[in-house]
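*Asks:* One file: start_10.pdb (PDB, C-alpha atoms and all ligand atoms).
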MODEL        1
ATOM      1  CA  MET Q 139     -73.040  49.687 185.728
ATOM      2  CA  ASN Q 140     -72.149  49.188 189.353
ATOM      3  CA  ILE Q 141     -70.079  46.294 190.697
ATOM      4  CA  ARG Q 142     -70.296  45.899 194.455
ATOM      5  CA  LYS Q 143     -70.510  43.489 197.353
ATOM      6  CA  ALA Q 144     -73.891  41.831 197.663
ATOM      7  CA  LYS Q 145     -76.328  42.991 200.317
ATOM      8  CA  LYS Q 146     -78.840  40.793 202.096
ATOM      9  CA  SER Q 147     -81.533  42.377 199.964
ATOM     10  CA  ASP Q 148     -79.829  40.983 196.788
ATOM     11  CA  ILE Q 149     -80.172  37.363 197.871
ATOM     12  CA  ASN Q 150     -83.563  36.882 196.279
ATOM     13  CA  SER Q 151     -82.357  38.164 192.867
ATOM     14  CA  MET Q 152     -79.239  35.980 193.024
ATOM     15  CA  HIS Q 153     -81.350  32.988 193.983
ATOM     16  CA  GLN Q 154     -83.695  33.579 191.025
ATOM     17  CA  ILE Q 155     -80.715  33.513 188.637
ATOM     18  CA  ILE Q 156     -79.462  30.244 190.162
ATOM     19  CA  LYS Q 157     -82.918  28.686 189.853
ATOM     20  CA  ILE Q 158     -82.929  29.409 186.109
ATOM     21  CA  ASN Q 159     -79.272  28.670 185.339
ATOM     22  CA  SER Q 160     -78.970  25.563 187.548
ATOM     23  CA  PRO Q 161     -82.504  24.121 187.769
ATOM     24  CA  ARG Q 162     -81.252  20.791 189.149
ATOM     25  CA  TYR Q 163     -79.272  22.313 192.013
ATOM     26  CA  PRO Q 164     -81.187  22.028 195.323
ATOM     27  CA  LYS Q 165     -82.874  25.406 195.807
ATOM     28  CA  LYS Q 166     -82.725  25.351 199.589
ATOM     29  CA  LEU Q 167     -79.003  24.593 199.555
ATOM     30  CA  ALA Q 168     -78.352  27.438 197.096
ATOM     31  CA  LEU Q 169     -80.202  29.815 199.411
ATOM     32  CA  GLN Q 170     -78.137  28.630 202.384
ATOM     33  CA  GLU Q 171     -74.915  29.172 200.404
ATOM     34  CA  LEU Q 172     -75.914  32.732 199.535
ATOM     35  CA  ASN Q 173     -76.916  33.513 203.125
ATOM     36  CA  GLU Q 174     -73.568  32.192 204.337
ATOM     37  CA  MET Q 175     -72.062  35.548 203.319
ATOM     38  CA  PHE Q 176     -73.795  37.134 206.280
ATOM     39  CA  SER Q 177     -72.751  34.484 208.801
ATOM     40  CA  ASP Q 178     -69.814  34.559 211.201
ATOM     41  CA  SER Q 179     -68.217  31.412 209.800
ATOM     42  CA  LEU Q 180     -64.447  31.448 209.255
ATOM     43  CA  HIS Q 181     -64.600  31.029 205.486
ATOM     44  CA  SER Q 182     -67.803  32.921 204.819
ATOM     45  CA  PRO Q 183     -67.995  33.767 201.117
ATOM     46  CA  THR Q 184     -68.075  37.219 199.585
ATOM     47  CA  PHE Q 185     -70.623  37.594 196.803
ATOM     48  CA  ILE Q 186     -70.200  40.324 194.216
ATOM     49  CA  VAL Q 187     -73.027  41.621 192.077
ATOM     50  CA  VAL Q 188     -73.006  43.445 188.749
ATOM     51  CA  GLU Q 189     -75.909  45.850 188.772
ATOM     52  CA  ASP Q 190     -77.235  47.673 185.746
ATOM     53  CA  LYS Q 191     -80.367  49.815 185.617
ATOM     54  CA  ASN Q 192     -81.068  48.796 189.243
ATOM     55  CA  GLU Q 193     -81.145  45.077 188.409
ATOM     56  CA  ILE Q 194     -78.663  42.321 189.142
ATOM     57  CA  ARG Q 195     -77.255  41.169 185.796
ATOM     58  CA  ALA Q 196     -74.523  38.863 187.124
ATOM     59  CA  PHE Q 197     -73.076  37.696 190.399
ATOM     60  CA  GLY Q 198     -70.429  35.357 191.751
ATOM     61  CA  GLY Q 199     -68.612  34.506 194.947
ATOM     62  CA  PHE Q 200     -65.210  33.790 196.376
ATOM     63  CA  SER Q 201     -63.779  32.684 199.680
ATOM     64  CA  ARG Q 202     -60.514  31.498 201.167
ATOM     65  CA  SER Q 203     -60.100  27.782 200.704
ATOM     66  CA  GLY Q 204     -60.572  25.655 203.796
ATOM     67  CA  ALA Q 205     -57.541  23.617 202.711
ATOM     68  CA  ASP Q 206     -55.076  26.495 202.329
ATOM     69  CA  ASP Q 207     -55.745  30.154 203.052
ATOM     70  CA  MET Q 208     -53.343  31.305 200.314
ATOM     71  CA  ILE Q 209     -55.856  29.846 197.843
ATOM     72  CA  CYS Q 210     -59.195  31.427 196.996
ATOM     73  CA  ASP Q 211     -62.091  29.435 195.621
ATOM     74  CA  ILE Q 212     -64.377  31.130 193.099
ATOM     75  CA  PHE Q 213     -67.922  29.847 192.656
ATOM     76  CA  TRP Q 214     -71.425  30.571 191.437
ATOM     77  CA  ILE Q 215     -70.317  32.708 188.499
ATOM     78  CA  ASN Q 216     -73.645  33.462 186.848
ATOM     79  CA  THR Q 217     -75.118  35.944 184.424
ATOM     80  CA  ASN Q 218     -78.834  36.472 184.009
ATOM     81  CA  LEU Q 219     -78.998  34.686 180.645
ATOM     82  CA  GLU Q 220     -81.342  37.320 179.193
ATOM     83  CA  TYR Q 221     -78.254  39.535 179.272
ATOM     84  CA  SER Q 222     -75.564  37.040 178.257
ATOM     85  CA  GLY Q 223     -72.812  38.021 175.859
ATOM     86  CA  LYS Q 224     -72.831  41.636 177.009
ATOM     87  CA  GLY Q 225     -69.639  41.396 179.023
ATOM     88  CA  PHE Q 226     -71.230  41.192 182.483
ATOM     89  CA  GLY Q 227     -69.537  37.863 183.225
ATOM     90  CA  ARG Q 228     -66.116  39.173 182.234
ATOM     91  CA  LYS Q 229     -66.520  42.396 184.255
ATOM     92  CA  LEU Q 230     -67.600  40.309 187.246
ATOM     93  CA  MET Q 231     -64.606  37.965 186.971
ATOM     94  CA  GLU Q 232     -62.156  40.859 186.566
ATOM     95  CA  ASP Q 233     -63.590  42.515 189.647
ATOM     96  CA  ILE Q 234     -63.406  39.300 191.685
ATOM     97  CA  ILE Q 235     -59.774  38.711 190.644
ATOM     98  CA  ASN Q 236     -58.888  42.304 191.615
ATOM     99  CA  ARG Q 237     -60.506  41.854 195.004
ATOM    100  CA  ILE Q 238     -58.632  38.590 195.526
ATOM    101  CA  LYS Q 239     -55.362  40.368 194.627
ATOM    102  CA  LYS Q 240     -56.041  42.915 197.384
ATOM    103  CA  GLU Q 241     -56.685  40.281 200.081
ATOM    104  CA  LYS Q 242     -54.070  40.416 202.808
ATOM    105  CA  SER Q 243     -52.880  38.348 205.782
ATOM    106  CA  PRO Q 244     -51.885  36.194 204.055
ATOM    107  CA  LYS Q 245     -51.840  37.329 200.443
ATOM    108  CA  VAL Q 246     -53.564  34.970 198.037
ATOM    109  CA  LYS Q 247     -51.306  33.088 195.616
ATOM    110  CA  MET Q 248     -53.832  31.144 193.610
ATOM    111  CA  ALA Q 249     -57.508  31.222 192.618
ATOM    112  CA  MET Q 250     -59.314  27.999 191.806
ATOM    113  CA  LEU Q 251     -62.654  27.119 190.320
ATOM    114  CA  CYS Q 252     -64.527  24.126 189.067
ATOM    115  CA  THR Q 253     -66.436  24.447 185.809
ATOM    116  CA  LYS Q 254     -68.095  22.739 182.873
ATOM    117  CA  ILE Q 255     -66.992  25.540 180.519
ATOM    118  CA  PRO Q 256     -63.195  25.681 180.742
ATOM    119  CA  ASN Q 257     -62.897  27.574 177.463
ATOM    120  CA  TYR Q 258     -64.724  30.520 178.973
ATOM    121  CA  PHE Q 259     -62.365  30.709 181.957
ATOM    122  CA  LYS Q 260     -59.282  30.088 179.805
ATOM    123  CA  LYS Q 261     -59.900  33.521 178.280
ATOM    124  CA  LEU Q 262     -59.800  34.914 181.816
ATOM    125  CA  GLY Q 263     -56.356  33.484 182.577
ATOM    126  CA  PHE Q 264     -57.318  30.125 184.100
ATOM    127  CA  GLU Q 265     -55.670  26.853 183.165
ATOM    128  CA  LYS Q 266     -56.953  23.304 183.515
ATOM    129  CA  LEU Q 267     -55.711  21.056 186.293
ATOM    130  CA  GLY Q 268     -56.155  17.661 184.712
ATOM    131  CA  LYS Q 269     -58.658  16.424 182.157
ATOM    132  CA  LYS Q 270     -61.644  15.775 184.403
ATOM    133  CA  TYR Q 271     -62.438  16.468 188.024
ATOM    134  CA  ASP Q 272     -65.979  15.448 188.876
ATOM    135  CA  ARG Q 273     -68.252  14.137 186.117
ATOM    136  CA  ASP Q 274     -68.351  16.996 183.556
ATOM    137  CA  TYR Q 275     -66.492  19.403 185.778
ATOM    138  CA  ILE Q 276     -62.901  20.496 185.330
ATOM    139  CA  LEU Q 277     -60.762  22.046 188.031
ATOM    140  CA  MET Q 278     -58.913  25.225 186.978
ATOM    141  CA  LYS Q 279     -56.371  27.522 188.578
ATOM    142  CA  ARG Q 280     -55.020  31.024 188.046
ATOM    143  CA  THR Q 281     -51.920  32.431 189.642
ATOM    144  CA  ILE Q 282     -52.524  35.642 191.604
ATOM    145  CA  ASN Q 283     -49.675  38.144 191.687
TER     146      ASN Q 283
HETATM  147  C1  LIG A 301     -70.681  31.605 181.670
HETATM  148  C2  LIG A 301     -71.430  32.892 181.882
HETATM  149  C3  LIG A 301     -71.159  33.390 183.313
HETATM  150  C4  LIG A 301     -70.914  33.927 180.871
HETATM  151  O1  LIG A 301     -71.515  35.157 181.170
HETATM  152  P1  LIG A 301     -71.678  36.342 180.094
HETATM  153  O2  LIG A 301     -72.067  37.557 180.854
HETATM  154  O3  LIG A 301     -72.567  35.907 178.995
HETATM  155  O4  LIG A 301     -70.192  36.432 179.566
HETATM  156  P2  LIG A 301     -69.489  37.626 178.808
HETATM  157  O5  LIG A 301     -70.505  38.445 178.078
HETATM  158  O6  LIG A 301     -68.583  38.315 179.735
HETATM  159  O7  LIG A 301     -68.574  36.833 177.820
HETATM  160  C5  LIG A 301     -69.093  36.373 176.669
HETATM  161  C6  LIG A 301     -67.984  35.561 176.035
HETATM  162  O8  LIG A 301     -67.946  34.280 176.656
HETATM  163  C7  LIG A 301     -68.148  33.288 175.690
HETATM  164  N1  LIG A 301     -68.922  32.218 176.297
HETATM  165  C8  LIG A 301     -70.164  32.295 176.829
HETATM  166  N2  LIG A 301     -70.549  31.070 177.244
HETATM  167  C9  LIG A 301     -69.511  30.240 176.980
HETATM  168  C10 LIG A 301     -69.326  28.865 177.137
HETATM  169  N3  LIG A 301     -70.286  28.082 177.639
HETATM  170  N4  LIG A 301     -68.122  28.332 176.771
HETATM  171  C11 LIG A 301     -67.161  29.099 176.225
HETATM  172  N5  LIG A 301     -67.306  30.419 176.016
HETATM  173  C12 LIG A 301     -68.478  30.970 176.389
HETATM  174  C13 LIG A 301     -68.885  33.973 174.571
HETATM  175  O9  LIG A 301     -68.669  33.303 173.351
HETATM  176  C14 LIG A 301     -68.230  35.353 174.572
HETATM  177  O10 LIG A 301     -66.980  35.301 173.931
HETATM  178  P3  LIG A 301     -66.302  36.600 173.250
HETATM  179  O11 LIG A 301     -66.111  37.610 174.344
HETATM  180  O12 LIG A 301     -65.003  36.069 172.712
HETATM  181  O13 LIG A 301     -67.271  37.032 172.217
HETATM  182  C15 LIG A 301     -72.951  32.735 181.644
HETATM  183  O14 LIG A 301     -73.144  32.156 180.367
HETATM  184  C16 LIG A 301     -73.647  31.885 182.683
HETATM  185  O15 LIG A 301     -74.088  32.388 183.703
HETATM  186  N6  LIG A 301     -73.786  30.578 182.394
HETATM  187  C17 LIG A 301     -74.520  29.660 183.279
HETATM  188  C18 LIG A 301     -73.793  29.415 184.569
HETATM  189  C19 LIG A 301     -72.396  28.881 184.346
HETATM  190  O16 LIG A 301     -72.134  27.983 183.561
HETATM  191  N7  LIG A 301     -71.451  29.477 185.097
HETATM  192  C20 LIG A 301     -70.086  29.051 185.141
HETATM  193  C21 LIG A 301     -70.001  28.050 186.211
HETATM  194  S1  LIG A 301     -68.457  27.964 186.953
ENDMDL
END
Go ahead and express the file in the form of structure tokens.
*Replies:*
Amino acid sequence: MNIRKAKKSDINSMHQIIKINSPRYPKKLALQELNEMFSDSLHSPTFIVVEDKNEIRAFGGFSRSGADDMICDIFWINTNLEYSGKGFGRKLMEDIINRIKKEKSPKVKMAMLCTKIPNYFKKLGFEKLGKKYDRDYILMKRTIN
């Protein structure tokens, strides 16, 4: 297993996973969000992929928050569901948290994410911020130290 930063050539595989896991999310928008990693924008995201046997099993992204650069947002945490329950999601999240811990100038104090499955992220050290955020989504935070 190899966990690394995404390359441009991974975008298609990541997009395929999104299309299956989030069929109602606009496909063009998802593609734009993935391509944003390779743009010059101030808060361009970093996408991380978990690769096994030369295939992308899971991926997810993070970026500094536009509201406060001591906060990192985490998003698009996805496993290829043919390989769910094998620990790829956990390995991915641990790697992303470690990368966020190493961010400097300024150091990150908090990671935040928005999810429909808070129980999954609770096991990874996140806590709920309120009961509901947006429809079925719940906002969660994790202190980074
Ligand atoms: C959530 C997701 C990333 C988990 O990936 P995964 O690679 O299967 O996760 P892991 O193998 O690391 O972890 C499996 C564990 O998570 C638990 N889990 C999986 N889905 C869960 C859910 N919806 N709610 C709560 N726990 C869940 C499993 O029961 C298992 O628990 P255990 O370790 O105690 O046995 C994957 O199911 C996915 O991509 N889902 C669709 C996209 C999504 O909802 N992403 C989160 C959006 S923020």
*Asks:* Taking the file as I've supplied it (selection: the PyMOL selection byres (((not hetatm)) within 12 of (chain A and resi 301))), which residues are included? Please answer as a PyMOL selection string.
*Replies:* chain Q and resi 152+155-161+163+187-188+194-200+211-233+250-262+264+274-278
*Asks:* Find the distance between atom CA of Q:Ile282 and atom CA of Q:Met248 and write it in Å to one decimal.
*Replies:*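 We find that atom CA of Q:Ile282 and atom CA of Q:Met248 lie 5.1 Å from each other.
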*Asks:* For Q:Ile209, find every residue with an atom within 9 Å (counting all atoms listed in the file), except residues of its own chain fewer than 5 positions away, and show them as a VMD selection string.
*Replies:* chain Q and resid 201 to 204 245 to 250
*Asks:* How far is it from atom CA of Q:Arg162 to atom CA of Q:Phe185, in Å with one decimal?
*Replies:* 21.3 Å
*Asks:* Figure out the distance between atom CA of Q:Asp148 and atom CA of Q:Leu172, please, to one decimal in Å.
*Replies:*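 The value is 9.5 Å.
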*Asks:* Check the smallest atom-to-atom distance from each of Q:Lys266, Q:Arg273, Q:Lys143, Q:Lys240 to Q:Pro183 using all atoms listed in the file, then report the winner.
*Replies:*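 Of Q:Lys266, Q:Arg273, Q:Lys143, Q:Lys240, the one nearest Q:Pro183 is Q:Lys143, counting all atoms listed in the file.
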*Asks:* Name the closest residue to Q:Ile238 among the candidates Q:Thr184, Q:Gln154, Q:Asn140, Q:Asn192; distances are taken between atoms, counting all atoms listed in the file.
*Replies:*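 Of Q:Thr184, Q:Gln154, Q:Asn140, Q:Asn192, the one nearest Q:Ile238 is Q:Thr184, counting all atoms listed in the file.
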*Asks:* How big is the axis-aligned box around the listed atoms of stretch 181-190 of chain Q once 5 Å is added on each side, and where is its centre? Give both in Å to one decimal, as lines of an AutoDock Vina configuration file.
*Replies:*
center_x = -70.9
center_y = 39.4
center_z = 195.6
size_x = 22.6
size_y = 26.6
size_z = 29.7
*Asks:* Do you know which residues lie at most 8 Å from (-72.2, 40.5, 206.5), with coordinates as in the file and only C-alpha atoms counted, and could you write them as JSON, numbers by chain?
*Replies:* {"Q": [145, 146, 175, 176, 177, 178]}
*Asks:* For C-alpha atoms, I'd like the residues from the last selection saved as a PDB file, in the frame of the given file.
*Replies:*
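New file again_22.pdb:
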ATOM      1  CA  LYS Q 145     -76.328  42.991 200.317  1.00  0.00           C
ATOM      2  CA  LYS Q 146     -78.840  40.793 202.096  1.00  0.00           C
ATOM      3  CA  MET Q 175     -72.062  35.548 203.319  1.00  0.00           C
ATOM      4  CA  PHE Q 176     -73.795  37.134 206.280  1.00  0.00           C
ATOM      5  CA  SER Q 177     -72.751  34.484 208.801  1.00  0.00           C
ATOM      6  CA  ASP Q 178     -69.814  34.559 211.201  1.00  0.00           C
TER       7      ASP Q 178
END
*Asks:* For Q:Lys242, which residue among Q:His181, Q:Met208, Q:Ile141, Q:Lys191 is the nearest when counting all atoms listed in the file?
*Replies:*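 The answer is Q:Met208, which sits nearest to Q:Lys242.
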*Asks:* Go through Q:Leu167, Q:Glu174, Q:Glu189, Q:Leu267 one by one, measure the shortest atom-to-atom distance of each to Q:Ser151 using only C-alpha atoms, and give the residue with the smallest value.
*Replies:*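 The shortest atom-to-atom distance to Q:Ser151 comes from Q:Glu189.
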*Asks:* Can you work out which one of Q:Arg142, Q:Lys279, Q:Lys270, Q:Lys165 has the shortest atom-to-atom distance to Q:Ile186, counting only C-alpha atoms?
*Replies:*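 Looking only at the distances to Q:Ile186, the closest residue turns out to be Q:Arg142.
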